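So this one's entry.txt, compact mmCIF, C-alpha atoms and all ligand atoms:
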```txt
# COMPACT_ATOMS: atom_id res chain seq x y z
CA MET A 4 -37.86 -19.32 -63.95
CA LEU A 5 -36.00 -21.23 -61.28
CA LYS A 6 -34.04 -23.07 -63.96
CA ARG A 7 -33.11 -19.81 -65.63
CA LEU A 8 -31.97 -18.39 -62.38
CA SER A 9 -29.78 -21.38 -61.60
CA VAL A 10 -28.23 -21.30 -65.08
CA ALA A 11 -27.46 -17.63 -64.62
CA MET A 12 -25.96 -18.35 -61.24
CA VAL A 13 -23.73 -21.11 -62.57
CA GLY A 14 -22.62 -18.74 -65.29
CA ALA A 15 -21.84 -16.07 -62.75
CA VAL A 16 -19.91 -18.49 -60.58
CA LEU A 17 -17.94 -19.75 -63.57
CA LEU A 18 -17.18 -16.25 -64.65
CA SER A 19 -16.17 -15.00 -61.26
CA SER A 20 -14.01 -18.01 -60.45
CA ALA A 21 -12.37 -17.77 -63.85
CA LEU A 22 -11.78 -14.06 -63.39
CA ALA A 23 -10.46 -14.58 -59.89
CA GLY A 24 -7.84 -16.94 -61.30
CA CYS A 25 -6.38 -14.23 -63.49
CA GLY A 26 -7.22 -11.01 -61.68
CA GLY A 27 -4.97 -8.97 -59.42
CA GLY A 28 -2.19 -10.44 -57.37
CA ASP A 29 -0.91 -12.67 -60.18
CA ASP A 30 2.57 -12.79 -58.70
CA SER A 31 1.47 -14.35 -55.45
CA SER A 32 -1.00 -16.79 -57.02
CA SER A 33 1.26 -18.38 -59.60
CA GLY A 34 4.75 -17.77 -58.29
CA SER A 35 7.49 -15.65 -59.77
CA GLY A 36 7.56 -17.39 -63.13
CA SER A 37 3.88 -16.68 -63.81
CA ASP A 38 4.56 -14.08 -66.49
CA ASP A 39 6.04 -16.44 -69.02
CA LYS A 40 3.80 -19.39 -68.15
CA ILE A 41 1.41 -20.40 -70.92
CA VAL A 42 -2.18 -19.87 -69.77
CA LEU A 43 -4.72 -22.40 -71.09
CA GLY A 44 -8.46 -21.94 -70.64
CA PHE A 45 -10.27 -25.28 -70.78
CA SER A 46 -14.05 -25.72 -70.83
CA GLN A 47 -15.06 -29.26 -69.91
CA VAL A 48 -18.45 -30.85 -70.67
CA GLY A 49 -19.16 -31.89 -67.09
CA ALA A 50 -18.75 -35.04 -65.01
CA GLU A 51 -21.33 -37.30 -66.65
CA SER A 52 -19.27 -40.49 -66.86
CA GLY A 53 -16.21 -42.39 -65.70
CA TRP A 54 -14.64 -41.45 -69.03
CA ARG A 55 -15.14 -37.76 -68.34
CA THR A 56 -13.66 -37.98 -64.84
CA ALA A 57 -10.56 -39.69 -66.24
CA ASN A 58 -10.35 -37.11 -69.02
CA THR A 59 -10.49 -34.20 -66.55
CA LYS A 60 -7.77 -35.77 -64.41
CA SER A 61 -5.58 -36.36 -67.46
CA ILE A 62 -5.90 -32.71 -68.51
CA GLN A 63 -5.26 -31.34 -65.02
CA ASP A 64 -2.29 -33.64 -64.35
CA SER A 65 -0.63 -33.05 -67.68
CA ALA A 66 -1.05 -29.25 -67.51
CA LYS A 67 0.75 -29.37 -64.18
CA ALA A 68 3.48 -31.64 -65.53
CA ALA A 69 3.96 -29.37 -68.57
CA GLY A 70 4.13 -26.22 -66.43
CA ILE A 71 1.04 -24.78 -68.10
CA GLU A 72 -1.35 -22.65 -66.03
CA LEU A 73 -4.79 -24.20 -66.44
CA LYS A 74 -8.04 -22.31 -65.99
CA PHE A 75 -10.58 -25.10 -65.81
CA ALA A 76 -14.35 -24.56 -66.10
CA ASP A 77 -16.93 -27.34 -65.69
CA ALA A 78 -20.01 -26.63 -67.83
CA GLN A 79 -22.24 -29.15 -66.07
CA GLY A 80 -23.50 -30.45 -69.41
CA LYS A 81 -24.76 -27.08 -70.65
CA GLN A 82 -23.68 -25.37 -73.84
CA GLU A 83 -24.54 -21.92 -72.49
CA ASN A 84 -22.08 -22.45 -69.64
CA GLN A 85 -19.38 -23.37 -72.14
CA ILE A 86 -20.05 -20.22 -74.15
CA THR A 87 -19.89 -18.12 -70.96
CA ALA A 88 -16.61 -19.77 -69.98
CA ILE A 89 -15.06 -19.25 -73.42
CA ARG A 90 -16.08 -15.58 -73.39
CA SER A 91 -14.51 -15.17 -69.97
CA PHE A 92 -11.29 -16.78 -71.23
CA ILE A 93 -11.28 -14.26 -74.08
CA THR A 94 -11.78 -11.38 -71.64
CA GLN A 95 -8.92 -12.70 -69.54
CA LYS A 96 -6.69 -12.89 -72.64
CA VAL A 97 -5.57 -16.47 -72.03
CA ASP A 98 -2.94 -17.73 -74.49
CA VAL A 99 -4.90 -20.72 -75.80
CA ILE A 100 -8.48 -21.98 -75.38
CA ALA A 101 -9.37 -25.68 -75.54
CA PHE A 102 -12.78 -27.22 -75.04
CA SER A 103 -14.79 -30.37 -75.47
CA PRO A 104 -18.03 -29.19 -77.09
CA VAL A 105 -21.09 -30.74 -75.45
CA VAL A 106 -22.98 -30.66 -78.78
CA THR A 107 -21.73 -30.12 -82.34
CA SER A 108 -23.76 -27.08 -83.39
CA GLY A 109 -24.03 -23.44 -82.32
CA TRP A 110 -20.38 -22.49 -81.89
CA ASP A 111 -19.66 -20.16 -84.80
CA ALA A 112 -20.28 -16.85 -83.02
CA VAL A 113 -18.14 -17.52 -79.95
CA LEU A 114 -15.37 -19.16 -81.99
CA LYS A 115 -15.31 -16.07 -84.21
CA GLU A 116 -14.94 -13.90 -81.10
CA ALA A 117 -11.90 -15.96 -80.06
CA LYS A 118 -10.42 -15.77 -83.54
CA ASP A 119 -10.94 -11.99 -83.69
CA ALA A 120 -9.19 -11.71 -80.32
CA GLY A 121 -6.25 -13.68 -81.76
CA ILE A 122 -6.67 -16.59 -79.34
CA PRO A 123 -6.19 -20.03 -80.92
CA VAL A 124 -8.81 -22.68 -80.09
CA ILE A 125 -8.16 -26.42 -79.89
CA LEU A 126 -11.11 -28.81 -80.01
CA THR A 127 -10.57 -31.66 -77.58
CA ASP A 128 -12.42 -34.98 -77.67
CA ARG A 129 -15.52 -33.76 -79.57
CA SER A 130 -15.98 -31.91 -82.86
CA VAL A 131 -18.13 -28.95 -83.96
CA ASP A 132 -20.11 -28.71 -87.21
CA SER A 133 -18.77 -25.25 -88.17
CA GLN A 134 -18.22 -24.97 -91.93
CA ASP A 135 -15.41 -22.49 -91.37
CA THR A 136 -12.62 -24.73 -90.11
CA SER A 137 -10.30 -21.74 -89.63
CA LEU A 138 -12.24 -21.12 -86.40
CA TYR A 139 -10.07 -23.73 -84.64
CA VAL A 140 -6.46 -24.76 -85.10
CA SER A 141 -6.72 -28.46 -84.38
CA PHE A 142 -9.09 -31.21 -83.31
CA LEU A 143 -7.68 -33.89 -81.01
CA GLY A 144 -9.84 -36.93 -80.32
CA SER A 145 -11.18 -40.32 -81.36
CA ASP A 146 -12.88 -41.38 -84.55
CA PHE A 147 -16.37 -42.08 -83.21
CA VAL A 148 -17.73 -43.42 -86.52
CA GLU A 149 -14.95 -45.99 -86.46
CA GLU A 150 -15.92 -46.94 -82.89
CA GLY A 151 -19.52 -47.52 -83.99
CA LYS A 152 -18.28 -49.63 -86.89
CA LYS A 153 -16.15 -51.79 -84.57
CA ALA A 154 -19.18 -52.37 -82.33
CA GLY A 155 -21.32 -53.28 -85.35
CA GLN A 156 -18.69 -55.57 -86.85
CA TRP A 157 -18.45 -57.62 -83.67
CA LEU A 158 -22.20 -58.15 -83.79
CA VAL A 159 -22.19 -59.04 -87.49
CA ASP A 160 -19.48 -61.65 -86.75
CA GLN A 161 -21.44 -63.09 -83.80
CA TYR A 162 -24.52 -63.73 -85.91
CA LYS A 163 -22.80 -64.79 -89.14
CA GLY A 164 -24.57 -67.79 -90.71
CA LYS A 165 -27.40 -67.70 -88.15
CA THR A 166 -31.08 -67.28 -88.96
CA GLY A 167 -33.87 -65.37 -87.17
CA THR A 168 -34.31 -61.74 -86.30
CA VAL A 169 -31.96 -60.21 -83.72
CA ASN A 170 -33.67 -57.44 -81.76
CA ILE A 171 -31.25 -54.70 -80.78
CA VAL A 172 -31.94 -51.82 -78.41
CA GLU A 173 -29.65 -48.80 -78.45
CA LEU A 174 -28.81 -46.34 -75.68
CA GLN A 175 -27.56 -43.20 -77.38
CA GLY A 176 -25.26 -40.64 -75.85
CA THR A 177 -26.21 -36.98 -75.34
CA THR A 178 -28.49 -35.79 -78.13
CA GLY A 179 -26.55 -33.71 -80.65
CA ALA A 180 -23.13 -34.71 -79.29
CA ALA A 181 -20.55 -35.88 -81.82
CA PRO A 182 -19.96 -39.28 -80.16
CA ALA A 183 -23.73 -39.98 -80.08
CA ILE A 184 -24.26 -39.03 -83.74
CA ASP A 185 -21.19 -40.88 -85.01
CA ARG A 186 -21.43 -44.02 -82.88
CA GLN A 187 -25.01 -44.46 -84.04
CA LYS A 188 -24.05 -43.97 -87.68
CA GLY A 189 -20.99 -46.27 -87.71
CA PHE A 190 -22.99 -49.03 -86.04
CA ALA A 191 -26.08 -48.67 -88.26
CA ASP A 192 -24.02 -48.64 -91.47
CA THR A 193 -22.15 -51.79 -90.46
CA ILE A 194 -25.07 -53.92 -89.28
CA ALA A 195 -26.96 -53.04 -92.47
CA SER A 196 -24.95 -55.86 -94.10
CA ASP A 197 -27.09 -58.39 -92.19
CA PRO A 198 -30.87 -57.88 -92.59
CA ASN A 199 -31.53 -60.02 -89.49
CA LEU A 200 -29.95 -57.37 -87.26
CA LYS A 201 -32.64 -54.86 -86.36
CA VAL A 202 -32.49 -51.83 -84.06
CA VAL A 203 -35.98 -51.94 -82.55
CA LYS A 204 -35.55 -49.14 -79.97
CA SER A 205 -33.08 -46.28 -79.82
CA GLN A 206 -33.18 -43.52 -77.23
CA THR A 207 -30.79 -41.19 -75.45
CA GLY A 208 -29.50 -42.05 -71.98
CA ASP A 209 -27.38 -38.86 -71.93
CA PHE A 210 -24.17 -40.84 -71.26
CA THR A 211 -25.13 -41.34 -67.58
CA ARG A 212 -25.58 -44.48 -65.51
CA ALA A 213 -28.87 -43.25 -64.02
CA GLN A 214 -30.50 -42.57 -67.37
CA GLY A 215 -29.09 -45.75 -68.87
CA LYS A 216 -30.95 -47.62 -66.14
CA THR A 217 -34.22 -45.71 -66.51
CA VAL A 218 -34.36 -45.99 -70.29
CA MET A 219 -33.46 -49.69 -70.21
CA GLU A 220 -36.36 -50.24 -67.78
CA THR A 221 -38.76 -48.77 -70.35
CA PHE A 222 -37.18 -50.85 -73.13
CA LEU A 223 -37.65 -54.01 -71.07
CA GLN A 224 -41.28 -53.16 -70.40
CA SER A 225 -42.17 -52.37 -74.00
CA THR A 226 -40.10 -54.98 -75.83
CA PRO A 227 -40.55 -58.60 -74.73
CA LYS A 228 -37.67 -60.00 -76.81
CA ILE A 229 -34.42 -58.05 -76.53
CA ASP A 230 -31.36 -59.92 -77.81
CA VAL A 231 -28.74 -57.21 -77.81
CA LEU A 232 -28.04 -53.88 -76.12
CA TYR A 233 -25.69 -51.42 -77.78
CA ALA A 234 -24.83 -48.59 -75.36
CA HIS A 235 -22.78 -45.62 -76.55
CA ASN A 236 -20.75 -45.69 -73.32
CA ASP A 237 -19.89 -47.98 -70.41
CA ASP A 238 -21.83 -45.96 -67.85
CA MET A 239 -25.18 -46.31 -69.64
CA GLY A 240 -24.43 -50.01 -70.14
CA LEU A 241 -23.73 -50.39 -66.41
CA GLY A 242 -27.00 -48.66 -65.53
CA ALA A 243 -28.82 -50.92 -67.99
CA ILE A 244 -27.25 -54.00 -66.36
CA GLU A 245 -28.96 -53.03 -63.10
CA ALA A 246 -32.31 -52.78 -64.90
CA ILE A 247 -31.77 -56.13 -66.65
CA GLU A 248 -30.90 -57.89 -63.40
CA ALA A 249 -33.88 -56.30 -61.64
CA ALA A 250 -36.09 -57.71 -64.42
CA GLY A 251 -34.75 -61.20 -63.61
CA LYS A 252 -32.59 -61.52 -66.72
CA LYS A 253 -28.88 -62.28 -67.04
CA PRO A 254 -26.84 -59.51 -68.65
CA GLY A 255 -24.27 -60.85 -71.10
CA THR A 256 -26.21 -64.11 -71.53
CA ASP A 257 -29.93 -63.38 -71.99
CA ILE A 258 -29.07 -60.02 -73.48
CA LYS A 259 -25.71 -59.48 -75.17
CA ILE A 260 -24.18 -56.11 -74.35
CA ILE A 261 -21.75 -53.98 -76.35
CA THR A 262 -20.45 -50.68 -74.97
CA VAL A 263 -17.84 -48.03 -75.77
CA ASP A 264 -15.07 -46.49 -73.54
CA ALA A 265 -13.40 -49.34 -71.59
CA VAL A 266 -13.14 -47.57 -68.23
CA LYS A 267 -12.33 -49.76 -65.22
CA ASP A 268 -15.96 -50.39 -64.19
CA GLY A 269 -16.86 -51.37 -67.74
CA MET A 270 -13.83 -53.65 -68.01
CA THR A 271 -14.73 -55.27 -64.68
CA ALA A 272 -18.27 -56.05 -65.92
CA LEU A 273 -16.76 -57.37 -69.17
CA SER A 274 -14.39 -59.68 -67.33
CA GLU A 275 -17.33 -60.91 -65.19
CA GLY A 276 -19.32 -61.81 -68.30
CA LYS A 277 -21.98 -59.10 -67.86
CA ILE A 278 -20.79 -57.18 -70.92
CA ASN A 279 -19.74 -59.04 -74.07
CA TYR A 280 -17.59 -56.57 -75.97
CA ILE A 281 -16.14 -53.10 -75.41
CA VAL A 282 -14.78 -50.70 -77.99
CA GLU A 283 -12.07 -48.59 -76.41
CA CYS A 284 -12.17 -44.78 -76.41
CA SER A 285 -9.22 -43.26 -74.60
CA PRO A 286 -9.83 -40.33 -72.22
CA LEU A 287 -6.10 -39.77 -71.70
CA LEU A 288 -5.87 -36.78 -74.01
CA GLY A 289 -4.00 -34.49 -71.61
CA PRO A 290 -0.36 -35.09 -72.66
CA GLN A 291 -1.14 -34.69 -76.37
CA LEU A 292 -3.23 -31.60 -75.70
CA MET A 293 -0.38 -29.93 -73.80
CA ASP A 294 2.00 -30.69 -76.67
CA ILE A 295 -0.38 -29.02 -79.12
CA VAL A 296 -0.80 -26.01 -76.79
CA LYS A 297 2.98 -25.55 -76.64
CA GLN A 298 3.32 -25.96 -80.38
CA VAL A 299 0.61 -23.38 -81.06
CA LYS A 300 2.08 -20.93 -78.56
CA SER A 301 5.51 -21.14 -80.17
CA GLY A 302 4.04 -20.28 -83.57
CA GLY A 303 3.86 -23.83 -84.93
CA THR A 304 1.02 -25.32 -86.95
CA PRO A 305 -0.31 -28.58 -85.50
CA GLU A 306 -2.07 -31.16 -87.65
CA LYS A 307 -5.69 -30.16 -88.19
CA ARG A 308 -6.93 -33.60 -87.08
CA ILE A 309 -5.10 -35.65 -84.47
CA LEU A 310 -6.49 -39.11 -83.78
CA THR A 311 -6.04 -41.12 -80.60
CA LYS A 312 -4.99 -44.76 -80.74
CA GLU A 313 -7.57 -47.27 -79.56
CA THR A 314 -8.39 -50.96 -79.48
CA THR A 315 -11.27 -53.32 -78.58
CA PHE A 316 -11.70 -55.86 -75.76
CA THR A 317 -13.34 -59.28 -75.49
CA GLN A 318 -14.13 -60.86 -72.10
CA GLU A 319 -10.83 -62.80 -72.09
CA GLN A 320 -8.79 -59.74 -73.07
CA ALA A 321 -10.48 -57.72 -70.31
CA LYS A 322 -9.21 -60.16 -67.67
CA THR A 323 -5.63 -59.63 -68.84
CA GLU A 324 -5.91 -55.86 -69.23
CA LEU A 325 -7.83 -55.06 -66.03
CA PRO A 326 -4.85 -55.03 -63.60
CA ASN A 327 -3.09 -52.43 -65.79
CA ARG A 328 -6.10 -50.18 -66.29
CA GLN A 329 -5.36 -46.68 -64.95
CA TYR A 330 -8.89 -45.32 -65.08
O1 LIG A 401 -17.52 -41.87 -74.57
C1 LIG A 401 -18.64 -40.77 -72.77
C2 LIG A 401 -18.56 -39.37 -72.32
O2 LIG A 401 -16.99 -37.57 -75.64
C3 LIG A 401 -15.80 -39.56 -75.98
O3 LIG A 401 -18.37 -38.62 -73.51
C4 LIG A 401 -16.60 -38.75 -75.04
C5 LIG A 401 -17.80 -39.46 -74.47
C6 LIG A 401 -17.52 -40.76 -73.75
O4 LIG A 401 -19.53 -38.96 -71.51
O5 LIG A 401 -18.48 -41.68 -71.73
```
Represent the structure from my file as structure tokens, please.
Ligand code: GYE
Amino acid sequence: MLKRLSVAMVGAVLLSSALAGCGGGDDSSSGSGSDDKIVLGFSQVGAESGWRTANTKSIQDSAKAAGIELKFADAQGKQENQITAIRSFITQKVDVIAFSPVVTSGWDAVLKEAKDAGIPVILTDRSVDSQDTSLYVSFLGSDFVEEGKKAGQWLVDQYKGKTGTVNIVELQGTTGAAPAIDRQKGFADTIASDPNLKVVKSQTGDFTRAQGKTVMETFLQSTPKIDVLYAHNDDMGLGAIEAIEAAGKKPGTDIKIITVDAVKDGMTALSEGKINYIVECSPLLGPQLMDIVKQVKSGGTPEKRILTKETTFTQEQAKTELPNRQY
């Protein structure tokens, strides 16, 4: 009951703040040029990780730089909040809607409402599983299966020619989220080439540091021999490092660690030898998103799938890259 109430309240707050942004007095709130400014409604997942914080900043900064009026709603990790925010953007008649879907499924109805209202939708960072791809104009983001494959390939290379079972534990991202599904799949498919590599435990840590720590504690208690940890993001890996150290083990040495993202804290742990390998996933999607928004608004047709460029980092490479890392 209490939970329901708080969800309803968050929804109401989102709705009212979103409405306030576009309600009366538009001249004074946005300056004299507000009429011809493109209005973009953006529904963000939340603030679960360092990646997400950098992604939010990138979107806010680049909207400003592009002269686009941004209506930003934080869904606090809840799909129902995202649906509420999207509906409020439709009511407000924003020019374009963009969002990073917390999970892949359950979007058809609200996307249809946007389409019927003639408002183009851009998927940012994460995909949806809608069969009808006309429900969105473009999807900008990483190839998460490829990221999982890169993580798996590094491990395959590490254990090439060696004998004995390698026990791997996996910290998955948010259940049902595209990066969790795809990073698991890419990794599993790749390590299948070496029968010694076995995932013995796999559980969600919801992409957060706190849950990464808690779940790793249970892994350590239930599994005496853990050789490798594969965490779907840096934050869960960093939480797990705390649990490993508290259990008297040396992260990076006693347990090899692979993560995804390459945010500053992850890169620092990598350069210190506590993480062994990081697959990069760039959160800096803002500039490209604003370009797509402008293109759509001027009647253009953006590519249906726009991929971000990414790399990988070893411990040595992290030392070189760290001083340049923006996020
Ligand atoms: O890897 C993780 C975040 O969707 C790519 O979400 C994003 C993921 C990112 O919470 O840190």
Output as JSON lines one row per residue of chain A within 8 Å of ligand LIG 401 (chain A): the closest atom pair and its distance in Å to one decimal place, counting only C-alpha atoms and all ligand atoms, sorted by chain and residue number ascending.
```
{"residue": "A:Ala50", "atom": "CA", "partner": "A:LIG401", "partner_atom": "O4", "distance": 7.6}
{"residue": "A:Glu51", "atom": "CA", "partner": "A:LIG401", "partner_atom": "O4", "distance": 5.4}
{"residue": "A:Ser52", "atom": "CA", "partner": "A:LIG401", "partner_atom": "O4", "distance": 4.9}
{"residue": "A:Gly53", "atom": "CA", "partner": "A:LIG401", "partner_atom": "O5", "distance": 6.5}
{"residue": "A:Trp54", "atom": "CA", "partner": "A:LIG401", "partner_atom": "O5", "distance": 4.7}
{"residue": "A:Arg55", "atom": "CA", "partner": "A:LIG401", "partner_atom": "C2", "distance": 5.5}
{"residue": "A:Ser103", "atom": "CA", "partner": "A:LIG401", "partner_atom": "O2", "distance": 7.5}
{"residue": "A:Val105", "atom": "CA", "partner": "A:LIG401", "partner_atom": "O2", "distance": 8.0}
{"residue": "A:Asp128", "atom": "CA", "partner": "A:LIG401", "partner_atom": "O2", "distance": 5.6}
{"residue": "A:Arg129", "atom": "CA", "partner": "A:LIG401", "partner_atom": "O2", "distance": 5.7}
{"residue": "A:Gly144", "atom": "CA", "partner": "A:LIG401", "partner_atom": "C3", "distance": 7.8}
{"residue": "A:Ser145", "atom": "CA", "partner": "A:LIG401", "partner_atom": "C3", "distance": 7.1}
{"residue": "A:Phe147", "atom": "CA", "partner": "A:LIG401", "partner_atom": "C3", "distance": 7.7}
{"residue": "A:Gly176", "atom": "CA", "partner": "A:LIG401", "partner_atom": "C1", "distance": 7.3}
{"residue": "A:Thr177", "atom": "CA", "partner": "A:LIG401", "partner_atom": "O4", "distance": 8.0}
{"residue": "A:Ala180", "atom": "CA", "partner": "A:LIG401", "partner_atom": "O2", "distance": 7.7}
{"residue": "A:Ala181", "atom": "CA", "partner": "A:LIG401", "partner_atom": "O2", "distance": 7.3}
{"residue": "A:Pro182", "atom": "CA", "partner": "A:LIG401", "partner_atom": "O2", "distance": 5.7}
{"residue": "A:Asp209", "atom": "CA", "partner": "A:LIG401", "partner_atom": "O4", "distance": 7.9}
{"residue": "A:Phe210", "atom": "CA", "partner": "A:LIG401", "partner_atom": "O4", "distance": 5.0}
{"residue": "A:Thr211", "atom": "CA", "partner": "A:LIG401", "partner_atom": "O4", "distance": 7.2}
{"residue": "A:His235", "atom": "CA", "partner": "A:LIG401", "partner_atom": "O1", "distance": 6.8}
{"residue": "A:Asn236", "atom": "CA", "partner": "A:LIG401", "partner_atom": "O5", "distance": 4.9}
{"residue": "A:Asp237", "atom": "CA", "partner": "A:LIG401", "partner_atom": "O5", "distance": 6.6}
{"residue": "A:Asp238", "atom": "CA", "partner": "A:LIG401", "partner_atom": "O5", "distance": 6.7}
{"residue": "A:Val263", "atom": "CA", "partner": "A:LIG401", "partner_atom": "O1", "distance": 6.3}
{"residue": "A:Asp264", "atom": "CA", "partner": "A:LIG401", "partner_atom": "O1", "distance": 5.3}
{"residue": "A:Cys284", "atom": "CA", "partner": "A:LIG401", "partner_atom": "O1", "distance": 6.4}
{"residue": "A:Ser285", "atom": "CA", "partner": "A:LIG401", "partner_atom": "C3", "distance": 7.7}
{"residue": "A:Pro286", "atom": "CA", "partner": "A:LIG401", "partner_atom": "C3", "distance": 7.1}
```
Find the residues around Gly276 (chain A) up to 12 Å (only C-alpha atoms counted), leave out those fewer than 2 positions away in its own chain, and share them as a compact mmCIF listing (two decimals) with C-alpha atoms, in the coordinates of the input.
```txt
# COMPACT_ATOMS: atom_id res chain seq x y z
CA ILE A 244 -27.25 -54.00 -66.36
CA LYS A 253 -28.88 -62.28 -67.04
CA PRO A 254 -26.84 -59.51 -68.65
CA GLY A 255 -24.27 -60.85 -71.10
CA THR A 256 -26.21 -64.11 -71.53
CA ASP A 257 -29.93 -63.38 -71.99
CA ILE A 258 -29.07 -60.02 -73.48
CA LYS A 259 -25.71 -59.48 -75.17
CA ILE A 260 -24.18 -56.11 -74.35
CA ILE A 261 -21.75 -53.98 -76.35
CA GLY A 269 -16.86 -51.37 -67.74
CA MET A 270 -13.83 -53.65 -68.01
CA THR A 271 -14.73 -55.27 -64.68
CA ALA A 272 -18.27 -56.05 -65.92
CA LEU A 273 -16.76 -57.37 -69.17
CA SER A 274 -14.39 -59.68 -67.33
CA ILE A 278 -20.79 -57.18 -70.92
CA ASN A 279 -19.74 -59.04 -74.07
CA TYR A 280 -17.59 -56.57 -75.97
CA ILE A 281 -16.14 -53.10 -75.41
CA THR A 317 -13.34 -59.28 -75.49
CA GLN A 318 -14.13 -60.86 -72.10
CA GLU A 319 -10.83 -62.80 -72.09
CA GLN A 320 -8.79 -59.74 -73.07
CA ALA A 321 -10.48 -57.72 -70.31
CA LYS A 322 -9.21 -60.16 -67.67
```
Quiz item: Between A:Ile194, A:Val48, A:Ile93, A:Val124, which is the closest to Asp77 (chain A) once you count only C-alpha atoms?
Solution: A:Val48
Exercise. Quote the spacing between CA of Tyr162 (chain A) and CA of Thr193 (chain A) in Å to one decimal place.
Key: 13.0 Å
Quiz item: Hey, what's within 10 Å of Pro305 (chain A) if we count all atoms listed in the file and toss same-chain stuff fewer than 5 positions away? As a list in words, please?
Solution: Ile125, Val140, Ser141, Phe142, Asp294, Ile295, Val296, Lys297, Gln298 and Val299 of chain A
Next, the residues of the selection above should be written as a CSV table (one decimal), in the coordinates of the input with C-alpha atoms.
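File selection04.csv, as written:
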```csv
chain,number,residue,atom,x,y,z
A,125,ILE,CA,-8.2,-26.4,-79.9
A,140,VAL,CA,-6.5,-24.8,-85.1
A,141,SER,CA,-6.7,-28.5,-84.4
A,142,PHE,CA,-9.1,-31.2,-83.3
A,294,ASP,CA,2.0,-30.7,-76.7
A,295,ILE,CA,-0.4,-29.0,-79.1
A,296,VAL,CA,-0.8,-26.0,-76.8
A,297,LYS,CA,3.0,-25.6,-76.6
A,298,GLN,CA,3.3,-26.0,-80.4
A,299,VAL,CA,0.6,-23.4,-81.1
```
Exercise. Counting only C-alpha atoms, find the residues whose atoms lie at most 7 Å from (-12.9, -25.5, -67.1) (file coordinates) and write them out as an NGL selection string.
Key: :A and (44-47 or 74-77)
Practice problem: Show which residues sit within 8 Å of Ile62 (chain A), as a VMD selection string. Count only C-alpha atoms, and ignore same-chain residues fewer than 4 positions away. | Solution: chain A and resid 58 66 287 to 290 292
Quiz item: If you measure from CA of Lys40 (chain A) to CA of Ile71 (chain A), what distance in Å do you get, rounded to one decimal?
Solution: 6.1 Å
Self-check item: Interatomic distance, CA of Ser196 (chain A) to CA of Val218 (chain A) (Å, one decimal)
Solution: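 It comes out at 27.4 Å.
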Box time for region 261-268 of chain A: axis-aligned, enclosing all its listed atoms, 8 Å extra on each side; report centre and edge lengths in Å to one decimal, as JSON.
```
{"center_x": -17.0, "center_y": -50.2, "center_z": -70.3, "size_x": 25.4, "size_y": 23.5, "size_z": 28.2}
```
Quiz item: For Val42 (chain A), which of A:Leu223, A:Met293, A:Ala112, A:Tyr330 is the closest residue, counting all atoms listed in the file?
Solution: A:Met293
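Residue nearest Glu116 (chain A) within the list A:Lys96, A:Arg308, A:Lys153, A:Arg186: A:Lys96 [criterion: smallest interatomic distance, only C-alpha atoms].
Taking all atoms listed in the file into account, Asp132 (chain A) lies nearest to A:Leu114 out of the set A:Leu114, A:Ala243, A:Val203, A:Leu43.
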Missing atoms of region 231-242 of chain A rebuilt to N, CA and C atoms, written as a PDB file, in the frame of the given file:
```
ATOM      1  N   VAL A 231     -30.010 -57.937 -77.901  1.00  0.00           N
ATOM      2  CA  VAL A 231     -28.740 -57.210 -77.810  1.00  0.00           C
ATOM      3  C   VAL A 231     -28.968 -55.779 -77.322  1.00  0.00           C
ATOM      4  N   LEU A 232     -28.059 -55.300 -76.478  1.00  0.00           N
ATOM      5  CA  LEU A 232     -28.040 -53.880 -76.120  1.00  0.00           C
ATOM      6  C   LEU A 232     -26.744 -53.276 -76.643  1.00  0.00           C
ATOM      7  N   TYR A 233     -26.869 -52.193 -77.381  1.00  0.00           N
ATOM      8  CA  TYR A 233     -25.690 -51.420 -77.780  1.00  0.00           C
ATOM      9  C   TYR A 233     -25.769 -50.087 -77.053  1.00  0.00           C
ATOM     10  N   ALA A 234     -24.836 -49.841 -76.124  1.00  0.00           N
ATOM     11  CA  ALA A 234     -24.830 -48.590 -75.360  1.00  0.00           C
ATOM     12  C   ALA A 234     -23.635 -47.758 -75.799  1.00  0.00           C
ATOM     13  N   HIS A 235     -23.850 -46.471 -76.055  1.00  0.00           N
ATOM     14  CA  HIS A 235     -22.780 -45.620 -76.550  1.00  0.00           C
ATOM     15  C   HIS A 235     -21.682 -45.345 -75.525  1.00  0.00           C
ATOM     16  N   ASN A 236     -21.886 -45.719 -74.264  1.00  0.00           N
ATOM     17  CA  ASN A 236     -20.750 -45.690 -73.320  1.00  0.00           C
ATOM     18  C   ASN A 236     -20.943 -46.724 -72.211  1.00  0.00           C
ATOM     19  N   ASP A 237     -19.859 -46.975 -71.483  1.00  0.00           N
ATOM     20  CA  ASP A 237     -19.890 -47.980 -70.410  1.00  0.00           C
ATOM     21  C   ASP A 237     -20.927 -47.625 -69.342  1.00  0.00           C
ATOM     22  N   ASP A 238     -20.948 -46.351 -68.957  1.00  0.00           N
ATOM     23  CA  ASP A 238     -21.830 -45.960 -67.850  1.00  0.00           C
ATOM     24  C   ASP A 238     -23.303 -46.298 -68.122  1.00  0.00           C
ATOM     25  N   MET A 239     -23.773 -45.974 -69.326  1.00  0.00           N
ATOM     26  CA  MET A 239     -25.180 -46.310 -69.640  1.00  0.00           C
ATOM     27  C   MET A 239     -25.357 -47.825 -69.648  1.00  0.00           C
ATOM     28  N   GLY A 240     -24.359 -48.546 -70.137  1.00  0.00           N
ATOM     29  CA  GLY A 240     -24.430 -50.010 -70.140  1.00  0.00           C
ATOM     30  C   GLY A 240     -24.506 -50.549 -68.720  1.00  0.00           C
ATOM     31  N   LEU A 241     -23.732 -49.926 -67.810  1.00  0.00           N
ATOM     32  CA  LEU A 241     -23.730 -50.390 -66.410  1.00  0.00           C
ATOM     33  C   LEU A 241     -25.067 -50.109 -65.737  1.00  0.00           C
ATOM     34  N   GLY A 242     -25.658 -48.966 -66.052  1.00  0.00           N
ATOM     35  CA  GLY A 242     -27.000 -48.660 -65.530  1.00  0.00           C
ATOM     36  C   GLY A 242     -28.013 -49.666 -66.067  1.00  0.00           C
TER      37      GLY A 242
END
```
